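Novice: Right, I'll just put the structure down here and ask away after.
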Amino acid sequence: MKKLLAILLFLAAFASASEVYFDSKFTLWKDATILIWTLDGNSPVSTNEFCLSLRRNNTGIGEPKCRELGEWERDTIATRYGTWLSNNLEKGLPPVYLRARHPGMAAKIQALEDNIVLFLAPQGKFIQVAIFNETTQEPQAAGIVKANSDKVALGDDIAATFFDKRTKRRLTKEERLKMQTEPDDLYKEVPNLRIWAGVGVGFSQAHFPLTPDNWTSSHTRSRVRNYRVTKDSVSLWNFIDDADPFLSLYAGLTWHGFIGIEFLYRYSNRHMKLDKADTVYKELDHWDFGQHDIGLNALLSMTYPITPWLDITPLFFLGFQYTFYVEDIELKKGVKNPSRAYKYRIKFEDLYKGALVGVGGQFVFKKHYGVDLRAGISSRGRDIYEAPSPDAGAAATTIGKSTIDCFISLGFEYHWTL
């Protein structure tokens, strides 16, 4: 039991030997060039073996190149900064406190381009580690690893602790220059054209949240008798279900991150609101209407880059839509002669027109994968093809003259930028 406890204590001590003080998620380039910087020119790791350690611990790093940074080891300014860094590198110290303030040292770091400097300083039983690149004047990551006379094992420990991350393609000279001129994501150039396509699900209902029930109860509680009789025919919700889920397909684009357009298609299946007490429906198996909405929205938006991997775009949309209803009705098996009411049942117009208005937001991850949340109000109205004649007889019943509902939707998108 004592031996087992000793082994566990040894493993715990070994596991805690390596410690990362901070890591700013620095960019690790594929086929990276690692410059090993020490204060006395006596590197605790072998340059060739360290490259092999990188490849063993990170299969995506490609063919790294490692060499000692002799030009810094022979430079007085770099040596003085490295000594100061080793004396002040402590756990819990903010990285900004370790910034290189001498103009000469700052210039050396800025000239690294996409090379990575690995600073190693022996400190008793540990090796201090700090990593620099061209983006800032302070270390991008720092910590300690347990000292080891076996240079291969020490290289594996450093590689596993600080270089076990996804790699990126190395930048061209033009890309590096552009990155230097755009220090803040909020000031990056806005793409001329952003395009997206998506699929979504949503829910619509006639009753608006936080409003009195009696505003819409006449529609929501209405029931159809004798295939056509209802209290009020002004709204389509007196005939068909007013609260149903829908499926949507859409595609859109914005210019300069500000104004855009979007095409959309929505489908929902609406059941007829039948009065179950009416015996005429004993012959009926089902009676539904497929609701097809085709529309166009104008968008006003503004994109905010929250992090390098997340952009949030609040938006306002205003548009119009055309709605078509496709009837799906069927009698029960064995009913050969339907009732007279069935033959003269209510008919909807061929086309209804309406408007859309609402707000929402797009959450785009990694510049391509988006989640869209929206809420709004939509309307549908009877299209009047010709003015009524004063010589005409009594007007026929108006079906769906004014139909309004609210909706909320969730969409999943893919984005392109030009």
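Naming works like this for the structure tokens: A, B, ... for the chains as they're shown, residue 1 at the start of each chain, ligands 1 onward in shown order.
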Neighbours of A:Glu413 within 10 Å (only C-alpha atoms; same-chain residues fewer than 2 positions away dropped), as a list in words?

Specialist: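 In the requested form, the answer reads Trp196, Ala197, Gly198, Val199, Gly200, Leu249, Tyr250, Ala251, Gln362, Phe363, Val364, His368, Tyr369, Gly370, Val371, Asp372, Gly411 and His415 of chain A.
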
Novice: Mind dumping the selected residues with C-alpha atoms as a compact mmCIF listing (two decimals), in the first residue's frame?

Specialist:
# COMPACT_ATOMS: atom_id res chain seq x y z
CA TRP A 196 -25.43 33.29 -47.16
CA ALA A 197 -27.90 30.45 -47.57
CA GLY A 198 -29.74 28.68 -44.81
CA VAL A 199 -32.49 26.42 -43.61
CA GLY A 200 -34.59 27.17 -40.57
CA LEU A 249 -35.36 28.06 -46.91
CA TYR A 250 -33.65 31.36 -47.61
CA ALA A 251 -30.64 33.04 -49.20
CA GLN A 362 -26.77 36.38 -37.16
CA PHE A 363 -24.02 34.65 -35.18
CA VAL A 364 -21.26 33.60 -37.59
CA HIS A 368 -18.64 30.57 -42.49
CA TYR A 369 -21.02 28.81 -40.08
CA GLY A 370 -23.98 30.87 -38.95
CA VAL A 371 -26.90 30.68 -36.54
CA ASP A 372 -29.79 33.04 -37.24
CA GLY A 411 -31.89 29.14 -38.87
CA HIS A 415 -21.63 32.24 -45.39

Novice: Compile the contact shell of A:Ile329 as an NGL selection string: residues with an atom at most 9 Å away, counting only C-alpha atoms, same-chain residues fewer than 4 positions apart removed.

Specialist: :A and (284-289)

Novice: Grab the residues selected above and save them as a short mmCIF file (atom, residue, chain, number, x, y, z; two decimals), in the first residue's frame with N, CA and C atoms.

Specialist:
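Final output, saved to result.cif:
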data_model
loop_
_atom_site.label_atom_id
_atom_site.label_comp_id
_atom_site.auth_asym_id
_atom_site.auth_seq_id
_atom_site.Cartn_x
_atom_site.Cartn_y
_atom_site.Cartn_z
N LEU A 284 -65.89 13.00 -43.25
CA LEU A 284 -64.60 13.59 -43.57
C LEU A 284 -63.46 12.86 -42.85
N ASP A 285 -62.41 12.54 -43.60
CA ASP A 285 -61.21 11.94 -43.03
C ASP A 285 -60.25 13.03 -42.54
N HIS A 286 -59.91 13.98 -43.39
CA HIS A 286 -59.08 15.11 -42.98
C HIS A 286 -59.28 16.26 -43.96
N TRP A 287 -58.92 17.45 -43.47
CA TRP A 287 -59.05 18.66 -44.29
C TRP A 287 -57.95 19.63 -43.84
N ASP A 288 -56.94 19.75 -44.64
CA ASP A 288 -55.78 20.59 -44.33
C ASP A 288 -55.48 21.52 -45.50
N PHE A 289 -54.68 22.52 -45.20
CA PHE A 289 -54.18 23.42 -46.24
C PHE A 289 -52.66 23.59 -46.07
#

Novice: Have a look at A:Gly334, A:Gly104, A:Gly319, A:Gly354 and name the one nearest to A:Ile261; count only C-alpha atoms.

Specialist: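 Closest residue, counting only C-alpha atoms: A:Gly319.
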
Novice: DSSP on the backbone: what in stretch 79-307 of chain A comes out helix (DSSP H, G or I), as a VMD selection string?

Specialist: chain A and resid 79 to 88 95 to 98 103 to 110 151 to 162 173 to 181 185 to 187 213 to 215 217 to 220 236 to 238 279 to 283

Novice: Closest to A:Glu283 among A:Ser339, A:Thr79, A:Thr307, A:Thr254, using only C-alpha atoms?

Specialist: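 Using only C-alpha atoms, the shortest distance to A:Glu283 belongs to A:Ser339.
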
Novice: List as a list in words the protein and nucleic acid residues near A:Asn133, meaning an atom at most 7 Å away when only C-alpha atoms are counted, but skip any in the same chain fewer than 3 places from it.

Specialist: Ile109, Leu112, Asp114, Asn115, Ile116, Val117 and Thr136 of chain A

Novice: Store the residues of this selection in a file with N, CA, C and O atoms, as a PDB file, in the first residue's frame.

Specialist:
ATOM      1  N   ILE A 109      11.676  42.242 -32.033  1.00  0.00           N
ATOM      2  CA  ILE A 109      10.484  41.392 -31.994  1.00  0.00           C
ATOM      3  C   ILE A 109       9.590  41.659 -33.204  1.00  0.00           C
ATOM      4  O   ILE A 109       9.062  40.726 -33.825  1.00  0.00           O
ATOM      5  N   LEU A 112      10.384  39.792 -36.525  1.00  0.00           N
ATOM      6  CA  LEU A 112      10.324  38.326 -36.580  1.00  0.00           C
ATOM      7  C   LEU A 112       9.494  37.814 -37.743  1.00  0.00           C
ATOM      8  O   LEU A 112       9.633  36.658 -38.153  1.00  0.00           O
ATOM      9  N   ASP A 114       6.813  35.864 -39.400  1.00  0.00           N
ATOM     10  CA  ASP A 114       6.037  34.734 -38.869  1.00  0.00           C
ATOM     11  C   ASP A 114       6.941  33.664 -38.249  1.00  0.00           C
ATOM     12  O   ASP A 114       6.556  32.504 -38.160  1.00  0.00           O
ATOM     13  N   ASN A 115       8.121  34.058 -37.786  1.00  0.00           N
ATOM     14  CA  ASN A 115       8.969  33.149 -37.020  1.00  0.00           C
ATOM     15  C   ASN A 115       8.556  33.183 -35.553  1.00  0.00           C
ATOM     16  O   ASN A 115       7.976  34.157 -35.068  1.00  0.00           O
ATOM     17  N   ILE A 116       8.876  32.119 -34.832  1.00  0.00           N
ATOM     18  CA  ILE A 116       8.526  31.989 -33.421  1.00  0.00           C
ATOM     19  C   ILE A 116       9.805  31.881 -32.598  1.00  0.00           C
ATOM     20  O   ILE A 116      10.686  31.065 -32.910  1.00  0.00           O
ATOM     21  N   VAL A 117       9.921  32.704 -31.566  1.00  0.00           N
ATOM     22  CA  VAL A 117      11.070  32.659 -30.664  1.00  0.00           C
ATOM     23  C   VAL A 117      10.689  31.863 -29.420  1.00  0.00           C
ATOM     24  O   VAL A 117       9.677  32.166 -28.759  1.00  0.00           O
ATOM     25  N   THR A 136       2.952  41.125 -30.731  1.00  0.00           N
ATOM     26  CA  THR A 136       2.985  41.978 -29.538  1.00  0.00           C
ATOM     27  C   THR A 136       4.398  42.016 -28.978  1.00  0.00           C
ATOM     28  O   THR A 136       5.246  41.167 -29.309  1.00  0.00           O
TER      29      THR A 136
END

Novice: Between A:Ser24, A:Arg56, A:Leu331, A:Thr216, which has the minimum distance to A:Ala130 (counting only C-alpha atoms)?

Specialist: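 Result for the nearest residue to A:Ala130: A:Ser24.
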
Novice: Can you list, as number ranges by chain, every protein, DNA or RNA residue that comes within 9 Å of stretch 137-151 of chain A when you count only C-alpha atoms, leaving out same-chain residues fewer than 2 positions away?

Specialist: A: 14, 17-26, 44-46, 49-50, 89-91, 95-101, 105-106, 109-110, 122-135, 153-158, 161-162

Novice: Applying 9 Å and only C-alpha atoms, which residues near stretch 271-277 of chain A remain after dropping the ones on its own chain fewer than 5 positions away? List them as a PDB file with all heavy atoms, in the first residue's frame.

Specialist:
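result_28.pdb written:
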ATOM      1  N   ARG A 221     -60.431  31.047 -31.384  1.00  0.00           N
ATOM      2  CA  ARG A 221     -61.453  30.126 -30.884  1.00  0.00           C
ATOM      3  C   ARG A 221     -62.537  29.827 -31.918  1.00  0.00           C
ATOM      4  O   ARG A 221     -63.479  29.095 -31.645  1.00  0.00           O
ATOM      5  CB  ARG A 221     -62.095  30.710 -29.625  1.00  0.00           C
ATOM      6  CG  ARG A 221     -61.106  30.900 -28.477  1.00  0.00           C
ATOM      7  CD  ARG A 221     -61.756  31.592 -27.297  1.00  0.00           C
ATOM      8  NE  ARG A 221     -60.794  31.885 -26.233  1.00  0.00           N
ATOM      9  CZ  ARG A 221     -61.070  32.572 -25.136  1.00  0.00           C
ATOM     10  NH1 ARG A 221     -62.320  33.036 -24.962  1.00  0.00           N
ATOM     11  NH2 ARG A 221     -60.143  32.801 -24.228  1.00  0.00           N
ATOM     12  N   SER A 222     -62.427  30.401 -33.057  1.00  0.00           N
ATOM     13  CA  SER A 222     -63.448  30.212 -34.085  1.00  0.00           C
ATOM     14  C   SER A 222     -63.468  28.769 -34.598  1.00  0.00           C
ATOM     15  O   SER A 222     -62.424  28.106 -34.645  1.00  0.00           O
ATOM     16  CB  SER A 222     -63.191  31.181 -35.246  1.00  0.00           C
ATOM     17  OG  SER A 222     -64.100  30.944 -36.297  1.00  0.00           O
ATOM     18  N   ARG A 223     -64.631  28.281 -34.999  1.00  0.00           N
ATOM     19  CA  ARG A 223     -64.770  26.950 -35.571  1.00  0.00           C
ATOM     20  C   ARG A 223     -65.680  27.029 -36.793  1.00  0.00           C
ATOM     21  O   ARG A 223     -66.600  27.857 -36.861  1.00  0.00           O
ATOM     22  CB  ARG A 223     -65.361  25.965 -34.552  1.00  0.00           C
ATOM     23  CG  ARG A 223     -64.430  25.656 -33.375  1.00  0.00           C
ATOM     24  CD  ARG A 223     -63.171  24.947 -33.830  1.00  0.00           C
ATOM     25  NE  ARG A 223     -62.254  24.675 -32.726  1.00  0.00           N
ATOM     26  CZ  ARG A 223     -61.236  25.455 -32.383  1.00  0.00           C
ATOM     27  NH1 ARG A 223     -61.050  26.606 -33.033  1.00  0.00           N
ATOM     28  NH2 ARG A 223     -60.436  25.116 -31.394  1.00  0.00           N
ATOM     29  N   VAL A 224     -65.417  26.155 -37.767  1.00  0.00           N
ATOM     30  CA  VAL A 224     -66.155  26.167 -39.038  1.00  0.00           C
ATOM     31  C   VAL A 224     -67.242  25.097 -38.997  1.00  0.00           C
ATOM     32  O   VAL A 224     -66.979  23.931 -38.693  1.00  0.00           O
ATOM     33  CB  VAL A 224     -65.195  25.899 -40.215  1.00  0.00           C
ATOM     34  CG1 VAL A 224     -65.964  25.907 -41.536  1.00  0.00           C
ATOM     35  CG2 VAL A 224     -64.090  26.942 -40.238  1.00  0.00           C
ATOM     36  N   ARG A 225     -68.469  25.520 -39.304  1.00  0.00           N
ATOM     37  CA  ARG A 225     -69.602  24.602 -39.387  1.00  0.00           C
ATOM     38  C   ARG A 225     -70.037  24.455 -40.833  1.00  0.00           C
ATOM     39  O   ARG A 225     -69.913  25.376 -41.639  1.00  0.00           O
ATOM     40  CB  ARG A 225     -70.771  25.116 -38.551  1.00  0.00           C
ATOM     41  CG  ARG A 225     -70.488  25.156 -37.041  1.00  0.00           C
ATOM     42  CD  ARG A 225     -71.679  25.697 -36.252  1.00  0.00           C
ATOM     43  NE  ARG A 225     -71.911  27.127 -36.503  1.00  0.00           N
ATOM     44  CZ  ARG A 225     -72.877  27.607 -37.238  1.00  0.00           C
ATOM     45  NH1 ARG A 225     -73.742  26.772 -37.841  1.00  0.00           N
ATOM     46  NH2 ARG A 225     -73.025  28.903 -37.402  1.00  0.00           N
ATOM     47  N   ASN A 226     -70.520  23.271 -41.134  1.00  0.00           N
ATOM     48  CA  ASN A 226     -71.110  23.019 -42.450  1.00  0.00           C
ATOM     49  C   ASN A 226     -70.138  23.358 -43.592  1.00  0.00           C
ATOM     50  O   ASN A 226     -70.544  23.803 -44.662  1.00  0.00           O
ATOM     51  CB  ASN A 226     -72.417  23.808 -42.607  1.00  0.00           C
ATOM     52  CG  ASN A 226     -73.354  23.172 -43.615  1.00  0.00           C
ATOM     53  OD1 ASN A 226     -73.395  21.940 -43.722  1.00  0.00           O
ATOM     54  ND2 ASN A 226     -74.076  23.978 -44.353  1.00  0.00           N
ATOM     55  N   TYR A 227     -68.854  23.141 -43.355  1.00  0.00           N
ATOM     56  CA  TYR A 227     -67.792  23.315 -44.358  1.00  0.00           C
ATOM     57  C   TYR A 227     -67.537  24.764 -44.777  1.00  0.00           C
ATOM     58  O   TYR A 227     -66.637  25.022 -45.567  1.00  0.00           O
ATOM     59  CB  TYR A 227     -68.093  22.496 -45.622  1.00  0.00           C
ATOM     60  CG  TYR A 227     -67.880  21.015 -45.486  1.00  0.00           C
ATOM     61  CD1 TYR A 227     -68.947  20.166 -45.242  1.00  0.00           C
ATOM     62  CD2 TYR A 227     -66.615  20.460 -45.621  1.00  0.00           C
ATOM     63  CE1 TYR A 227     -68.766  18.781 -45.135  1.00  0.00           C
ATOM     64  CE2 TYR A 227     -66.423  19.094 -45.516  1.00  0.00           C
ATOM     65  CZ  TYR A 227     -67.495  18.262 -45.277  1.00  0.00           C
ATOM     66  OH  TYR A 227     -67.291  16.905 -45.173  1.00  0.00           O
ATOM     67  N   TRP A 237     -57.366  33.067 -40.063  1.00  0.00           N
ATOM     68  CA  TRP A 237     -57.260  32.296 -38.824  1.00  0.00           C
ATOM     69  C   TRP A 237     -58.622  31.885 -38.283  1.00  0.00           C
ATOM     70  O   TRP A 237     -58.695  31.062 -37.361  1.00  0.00           O
ATOM     71  CB  TRP A 237     -56.497  33.097 -37.774  1.00  0.00           C
ATOM     72  CG  TRP A 237     -55.130  33.556 -38.198  1.00  0.00           C
ATOM     73  CD1 TRP A 237     -54.567  34.760 -37.931  1.00  0.00           C
ATOM     74  CD2 TRP A 237     -54.156  32.820 -38.938  1.00  0.00           C
ATOM     75  NE1 TRP A 237     -53.302  34.827 -38.467  1.00  0.00           N
ATOM     76  CE2 TRP A 237     -53.025  33.641 -39.105  1.00  0.00           C
ATOM     77  CE3 TRP A 237     -54.115  31.540 -39.507  1.00  0.00           C
ATOM     78  CZ2 TRP A 237     -51.896  33.250 -39.776  1.00  0.00           C
ATOM     79  CZ3 TRP A 237     -52.990  31.144 -40.194  1.00  0.00           C
ATOM     80  CH2 TRP A 237     -51.894  31.984 -40.329  1.00  0.00           C
ATOM     81  N   ASN A 238     -59.697  32.388 -38.814  1.00  0.00           N
ATOM     82  CA  ASN A 238     -61.018  31.897 -38.431  1.00  0.00           C
ATOM     83  C   ASN A 238     -61.314  30.535 -39.052  1.00  0.00           C
ATOM     84  O   ASN A 238     -62.241  29.842 -38.618  1.00  0.00           O
ATOM     85  CB  ASN A 238     -62.096  32.893 -38.861  1.00  0.00           C
ATOM     86  CG  ASN A 238     -62.131  34.119 -37.973  1.00  0.00           C
ATOM     87  OD1 ASN A 238     -62.611  34.070 -36.855  1.00  0.00           O
ATOM     88  ND2 ASN A 238     -61.591  35.215 -38.471  1.00  0.00           N
ATOM     89  N   PHE A 239     -60.537  30.175 -40.070  1.00  0.00           N
ATOM     90  CA  PHE A 239     -60.780  28.917 -40.774  1.00  0.00           C
ATOM     91  C   PHE A 239     -59.698  27.871 -40.484  1.00  0.00           C
ATOM     92  O   PHE A 239     -59.992  26.693 -40.328  1.00  0.00           O
ATOM     93  CB  PHE A 239     -60.835  29.164 -42.290  1.00  0.00           C
ATOM     94  CG  PHE A 239     -61.947  30.060 -42.715  1.00  0.00           C
ATOM     95  CD1 PHE A 239     -61.751  31.430 -42.847  1.00  0.00           C
ATOM     96  CD2 PHE A 239     -63.207  29.550 -42.982  1.00  0.00           C
ATOM     97  CE1 PHE A 239     -62.780  32.266 -43.241  1.00  0.00           C
ATOM     98  CE2 PHE A 239     -64.247  30.374 -43.379  1.00  0.00           C
ATOM     99  CZ  PHE A 239     -64.037  31.738 -43.505  1.00  0.00           C
ATOM    100  N   ILE A 240     -58.457  28.285 -40.448  1.00  0.00           N
ATOM    101  CA  ILE A 240     -57.352  27.333 -40.282  1.00  0.00           C
ATOM    102  C   ILE A 240     -56.585  27.650 -39.004  1.00  0.00           C
ATOM    103  O   ILE A 240     -56.687  28.745 -38.451  1.00  0.00           O
ATOM    104  CB  ILE A 240     -56.400  27.363 -41.496  1.00  0.00           C
ATOM    105  CG1 ILE A 240     -55.873  28.783 -41.731  1.00  0.00           C
ATOM    106  CG2 ILE A 240     -57.088  26.819 -42.743  1.00  0.00           C
ATOM    107  CD1 ILE A 240     -54.883  28.884 -42.875  1.00  0.00           C
ATOM    108  N   ASP A 241     -55.811  26.655 -38.534  1.00  0.00           N
ATOM    109  CA  ASP A 241     -55.043  26.822 -37.297  1.00  0.00           C
ATOM    110  C   ASP A 241     -54.131  28.038 -37.389  1.00  0.00           C
ATOM    111  O   ASP A 241     -53.440  28.251 -38.397  1.00  0.00           O
ATOM    112  CB  ASP A 241     -54.197  25.574 -37.036  1.00  0.00           C
ATOM    113  CG  ASP A 241     -55.024  24.430 -36.466  1.00  0.00           C
ATOM    114  OD1 ASP A 241     -56.139  24.700 -36.008  1.00  0.00           O
ATOM    115  OD2 ASP A 241     -54.545  23.280 -36.495  1.00  0.00           O
ATOM    116  N   HIS A 286     -59.910  13.977 -43.390  1.00  0.00           N
ATOM    117  CA  HIS A 286     -59.078  15.109 -42.980  1.00  0.00           C
ATOM    118  C   HIS A 286     -59.279  16.261 -43.958  1.00  0.00           C
ATOM    119  O   HIS A 286     -59.704  16.077 -45.097  1.00  0.00           O
ATOM    120  CB  HIS A 286     -57.592  14.724 -42.911  1.00  0.00           C
ATOM    121  CG  HIS A 286     -56.995  14.361 -44.244  1.00  0.00           C
ATOM    122  ND1 HIS A 286     -56.977  13.066 -44.731  1.00  0.00           N
ATOM    123  CD2 HIS A 286     -56.423  15.125 -45.225  1.00  0.00           C
ATOM    124  CE1 HIS A 286     -56.408  13.044 -45.926  1.00  0.00           C
ATOM    125  NE2 HIS A 286     -56.064  14.287 -46.249  1.00  0.00           N
ATOM    126  N   TRP A 287     -58.919  17.451 -43.468  1.00  0.00           N
ATOM    127  CA  TRP A 287     -59.052  18.665 -44.294  1.00  0.00           C
ATOM    128  C   TRP A 287     -57.953  19.634 -43.841  1.00  0.00           C
ATOM    129  O   TRP A 287     -58.033  20.254 -42.784  1.00  0.00           O
ATOM    130  CB  TRP A 287     -60.441  19.271 -44.096  1.00  0.00           C
ATOM    131  CG  TRP A 287     -60.775  20.359 -45.088  1.00  0.00           C
ATOM    132  CD1 TRP A 287     -60.085  20.696 -46.225  1.00  0.00           C
ATOM    133  CD2 TRP A 287     -61.895  21.245 -45.029  1.00  0.00           C
ATOM    134  NE1 TRP A 287     -60.695  21.715 -46.888  1.00  0.00           N
ATOM    135  CE2 TRP A 287     -61.821  22.081 -46.172  1.00  0.00           C
ATOM    136  CE3 TRP A 287     -62.962  21.407 -44.146  1.00  0.00           C
ATOM    137  CZ2 TRP A 287     -62.750  23.073 -46.438  1.00  0.00           C
ATOM    138  CZ3 TRP A 287     -63.903  22.391 -44.416  1.00  0.00           C
ATOM    139  CH2 TRP A 287     -63.796  23.220 -45.548  1.00  0.00           C
ATOM    140  N   ASP A 288     -56.935  19.747 -44.643  1.00  0.00           N
ATOM    141  CA  ASP A 288     -55.778  20.586 -44.325  1.00  0.00           C
ATOM    142  C   ASP A 288     -55.478  21.524 -45.496  1.00  0.00           C
ATOM    143  O   ASP A 288     -55.940  21.317 -46.632  1.00  0.00           O
ATOM    144  CB  ASP A 288     -54.526  19.729 -44.057  1.00  0.00           C
ATOM    145  CG  ASP A 288     -54.748  18.721 -42.954  1.00  0.00           C
ATOM    146  OD1 ASP A 288     -55.521  19.019 -42.030  1.00  0.00           O
ATOM    147  OD2 ASP A 288     -54.155  17.624 -43.033  1.00  0.00           O
ATOM    148  N   PHE A 289     -54.676  22.516 -45.202  1.00  0.00           N
ATOM    149  CA  PHE A 289     -54.175  23.423 -46.239  1.00  0.00           C
ATOM    150  C   PHE A 289     -52.660  23.588 -46.070  1.00  0.00           C
ATOM    151  O   PHE A 289     -52.173  23.863 -44.968  1.00  0.00           O
ATOM    152  CB  PHE A 289     -54.849  24.800 -46.140  1.00  0.00           C
ATOM    153  CG  PHE A 289     -56.220  24.842 -46.721  1.00  0.00           C
ATOM    154  CD1 PHE A 289     -57.328  24.519 -45.949  1.00  0.00           C
ATOM    155  CD2 PHE A 289     -56.417  25.180 -48.058  1.00  0.00           C
ATOM    156  CE1 PHE A 289     -58.606  24.549 -46.473  1.00  0.00           C
ATOM    157  CE2 PHE A 289     -57.695  25.217 -48.595  1.00  0.00           C
ATOM    158  CZ  PHE A 289     -58.792  24.900 -47.808  1.00  0.00           C
ATOM    159  N   GLY A 290     -51.926  23.384 -47.143  1.00  0.00           N
ATOM    160  CA  GLY A 290     -50.499  23.671 -47.143  1.00  0.00           C
ATOM    161  C   GLY A 290     -50.277  25.148 -47.432  1.00  0.00           C
ATOM    162  O   GLY A 290     -50.723  25.653 -48.467  1.00  0.00           O
TER     163      GLY A 290
END

Novice: Given only C-alpha atoms as the basis, pick out the residue of A:Glu113, A:Ala121, A:Gly41, A:Glu349 nearest to A:Glu327.

Specialist: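 Between A:Glu113, A:Ala121, A:Gly41, A:Glu349, the residue approaching A:Glu327 most closely is A:Glu349.
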